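Down below is the structure, laid out as structure tokens.
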Amino acid sequence: MLWNVVLWGAILSFSPLARSDPTWPSPNDELEEIMYQVSGYRARNFGGTVIPCSNEASGPGRQNAAEWLRAAFHDMATSTFLGGVRAGGMDGSLQYELTSSDNLGPGFNTTLKFMADYYTSRSGVADLIALGVYYAVRSCGGPAVPVAGGRVDAVAAGPIGVPLPQNTAYTFEQQFTRMGFSKTEMIQVTACGHTIGGVHDSEFPEIVPVGTTTNGEVALDSTVAAFDNKVVTEYIAGNTTNPMVVGPSIKATRNSDFKVFNYDGNVTINAMAAPDDFNSICTTVLQKLIDTVPDGVVLSDPIQPYAVKPVNMQLALNAGASTMQLTGIIRVRSTDFGGDSASSLTLNYKDRSGGENCGSSGCKYTATILGATQGFDDKFVWFPINAAIPTSTGISSFTVTLTMASGTSQTFDNNGNSYPMQDAILIQQPQSCLFSGTLTVTAAVRNDRKSLPVSMYLSYKTPTGDPNRPIPSLKNVTVAMTEGTCVGAYTFYTANYTGLGDLGYASKIDVISGSGSSALRDDFNAASDLGGTCQNFQTPPSSLCTTGQASATSSVETTSSTSSTSIDTTSSTSVTSSSTVITTTTSTGPTETLHHRQTLGEYVLVGCQTESTSGGRALSGAAFAYDSMTLESCMANCTGFVYFGTEYGRECYCGDSLQPTSQNASLTDCNMVCGGDATEYCGAGNRIELYSTTASQPAPTATLAPKPTVSPYVRVGCYTEIPGGRALTGAAYADDAMTLEMCASNCAGFTFWAAEYGRECYCGNTLDSLSTPAPESDCQTMVCAGDRYEYCGAGNRLELYQLSTASSASPATVTASPTSV
């Protein structure tokens with residue numbers, strides 16, 4: 001990419017960042033985030049059921065990573081490549097094939113059911129299944145399989161034809177030839193696909209007789225939860241226990257791995273014996289598997305992480321319409337920072353005309369780090385953006401300058417294109433809302449574009465109603481928006497849509513000004529970001545309404561008028577067209593207005609606080625969420641606690657102490673109206689409207705302190721969670737009423753258990769050796785969700801207990817689980 005080094009010494013520290021970078025925005029942006037934001041701040045959590053590799057979220061003996069890998073093969077395997085023409089392939093047709101005899105067992109259904117939450121117009125089923133291969137392999141310690149974007153989802157099932165264990169070797173060869181795979185590739189993809197997981201008695205009783213195993217599974221090699229070459233080396237050595245090579249499968253003629261591996265006299269399988277060769281071959285053949293697509297589908301280049309990526313960059317008019325607020329966050333890849341670290345990031349923007357007329361505040365905004373994210377192979381840090389921009393001058397693009405702790409800096413300009421922004425049409429999120437399946441959307445359109453049509457494009461999901469079709473239907477509709485009140489240099493337009501149902505929160509919203517080549521849009525806005533109540537907007541006097549593009553004189557502050565104008569989007573009727581009612585009202589009489597409550601009962605307003613940045617909540621005693629939230633109801637929920645706070649219009653948190661990483665914020669940051677009372681503020685995104693009691697506190701009936709024993713277990717101490725996995729992998733639970741006693745009961749029979757993050761519980765018979773003792777103070781920041789006098793670990797910290805009969809050995813003798821990766 002093109003970049004400028006402000007200080008020459010920056011060349012050394014920044015040279016890794018100067019690699020080829022995607023240009024923003026990209027059609028793959030949604031997939032890129034799912035792929036690389038694995039854990040930490042703003043993690044997409046796509047690996048929830050496959051991290052760690054031993055995760056058996058779907059039931060005992062079912063490694064979800066293995067099921068994801070099989071799902072990709074079964075989706076591709078209906079492909080035909082005959083006469084140079086490709087039909088089918090990696091196209092998501094598996095969603096229509098779950099009742100086929102080719103797809104036995106629950107694994108395919110549970111895989112698609114998990115991925116359904118990530119299904120959008122920019123992340124199709126086929127692309128998600130392909131990403132599943134990357135996650136499954138990488139989570140299990142295997143190589144990074146390159147993933148491209150751009151697959152096109154099928155609308156019906158493909159033909160039957162997935163290879164089955166009872167087939168002959170010749171039939172296997174013919175099936176793989178039909179898919180476009182050679183004999184060698186057939187052997188390779190079988191070995192790579194069978195290095196994790198096992199065979200289950202419920203699907204293949206001829207191979208694994210029912211009742212012969214403790215969990216219904218026989219592993220394909222000795223490392224069931226590791227992507228390695230053991231499936232090959234154990235076969236070559238003759239000591240394999242692979243049930244598709246040895247055992248009852250031979251008599252049943254279902255020893256399919258032996259048939260395939262031996263088909264060329266073991267030439268190919270011997271060539272895969274070395275670990276590096278195995279990984280290299282698997283990378284190539286698995287990439288071919290997920291890149292097998294129907295003719296006419298053009299895949300992108302493999303998805304790479306941005307060095308610098310703007311995320312959720314959003315403009316919205318502020319009250320009075322003289323300024324607009326630019327919010328969002330900039331993600332910076334920190335993988336190759338070495339010993340240096342990022343200190344700050346400056347956003348340098350251009351006005352609407354591409355110049356530097358940005359008002360008295362100038363054309364710069366500087367931010368500091370908010371959080372960090374990890375991928376399998378990459379690290380990222382985040383910088384929040386929250387800048388007021390004069391409506392009269394606007395914004396057209398920006399660059400970013402990253403400054404390091406060492407003093408070096410580098411400017412990123414999106415491969416010479418700058419990062420584009422448009423201020424012609426903006427979704428007004430505070431004036432938009434979603435409640436009980438009814439969506440109201442308000443957009444601000446610049447007045448020089450009022451002659452053009454304005455529309456809302458809605459992409460929404462509806463359940464199929466069929467348990468064998470876990471992927472919902474993705475539908476879309478375009479609704480003309482109705483012109484409303486002029487607000488300075490802009491005019492509001494609104495539209496309604498009803499009947500979105502339980503999945504309404506998953507909708508994506510575009511607001512569009514113009515059509516065809518003239519169209520500008522504010523797109524892919526998440527309905528989940530909207531509150532349950534549309535807020536009124538305080539507009540400037542009508543005399544400030546402009547008929548053309550905003551000029552410097554249109555930024556005059558509101559005059560001393562005693563009347564104000566508001567747009568009421570809450571009174572619109574529920575219709576499937578755009579007939580939203582827009583009214584103009586004049587403030588009269590002593591009706592209660594929207595304001596911050598200074599006192600409530602025996603509580604007083606502390607102010608606006610940030611959420612915790614240490615991985616937990618600023619208040620961790622109890623939590624509630626509902627669309628009718630008010631300050632009074634939250635206060636009642638938190639009776640007996642020292643603090644209560646509301647957040648995001650509908651959330652309520654309680655606690656007796658405030659997390660130290662929660663910081664004071666401007667009271668204006670807490671600007672989201674309570675869902676149940678339009679005259680009260682209930683915090684905002686990552687902002688808490690915080691109250692503290694004035695009442696004297698009764699003497700506690702218990703003391704907050706670590707518990708030495710929770711019979712029959714004794715406390716070991718505070719331990720670290722392991723990077724990218726779990727220290728205890730036997731079982732896992734989560735409950736908003738979690739206590740140490742509940743965790744001990746859930747883990748009865750296990751040697752170890754531990755509480756983490758206030759509400760999570762993990763069990764196991766061995767503790768991974770990568771988990772090490774941590775300072776006791778690390779585990780004394782988060783109380784149990786169900787008992788404020790008990791500690792339940794913290795973010796990446798385990799409050800660890802061990803069975804008393806096994807505790808004679810010191811914690812240092814705890815051994816690593818043989819399946820840990």
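Here, A, B, ... name the chains of the structure tokens in the order displayed, residue numbers run from 1 inside each chain, and ligands are numbered from 1 in the same displayed order.
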Might you pull out every residue within 7 Å of Thr464 (chain A), with only C-alpha atoms counted and same-chain residues fewer than 5 positions away left off, and present them as a PyMOL selection string?
chain A and resi 469+472-473
Restricting it to C-alpha atoms, dump the selection as a PDB file, in the first residue's frame.
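The result, written out as result_2.pdb:
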```pdb
ATOM      1  CA  ARG A 469     -33.728 -26.861   7.913  1.00  0.00           C
ATOM      2  CA  PRO A 472     -33.436 -19.521   8.167  1.00  0.00           C
ATOM      3  CA  SER A 473     -34.680 -18.073   4.904  1.00  0.00           C
TER       4      SER A 473
END
```
Quick one: which region 125-151 of chain A residues come within 10 Å of region 59-67 of chain A, and what is the nearest atom pair for each with the distance in Å to one decimal, counting only C-alpha atoms, rows ordered by chain and ascending number, as a tab-separated table?
```
residue	atom	partner	partner_atom	distance
A:Gly132	CA	A:Ala65	CA	8.2
A:Val133	CA	A:Ala65	CA	8.4
A:Tyr135	CA	A:Ala65	CA	7.8
A:Ala136	CA	A:Ala65	CA	4.5
A:Val137	CA	A:Ala65	CA	7.4
A:Arg138	CA	A:Ala65	CA	9.6
A:Ser139	CA	A:Ala65	CA	7.7
A:Cys140	CA	A:Ala65	CA	7.6
```
So that I can see what lies close to region 739-746 of chain A, please list as a count of residues only the residues with an atom at most 6 Å from it, counting only C-alpha atoms and leaving out residues fewer than 6 positions away in the same chain.
4
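Note that DSSP on the backbone gives alpha helix (DSSP H) to these residues of region 630-683 of chain A: Leu631, Glu632, Ser633, Cys634, Met635, Ala636 and Asn637 of chain A.
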Just asking: which residues within region 415-529 of chain A are strand (DSSP E or B) according to DSSP, as a ChimeraX atom specification?
/A:419-420,425-427,433-435,438-446,454-462,473-480,482-487,490-497,508-513,520-526
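Take the candidates A:Met35, A:Val125, A:Leu690, A:Val260 and check each one against Gln374 (chain A) using only C-alpha atoms; the shortest distance goes to A:Met35.
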Quick one: residues within 12 Å of Lys230 (chain A), only C-alpha atoms, excluding same-chain residues fewer than 4 positions away - as a count of residues only?
29
Rank nothing, just name the residue among A:Thr679, A:Thr547, A:Ser528, A:Thr693 nearest to Leu600 (chain A), using only C-alpha atoms.
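Selected residue with least distance to Leu600 (chain A): A:Thr693.
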Between CA of Met313 (chain A) and CA of Thr391 (chain A), what is the spacing in Å?
16.6 Å
Would you mind reading off the distance between CA of Arg44 (chain A) and CA of Gly504 (chain A), one decimal, in Å?
19.4 Å
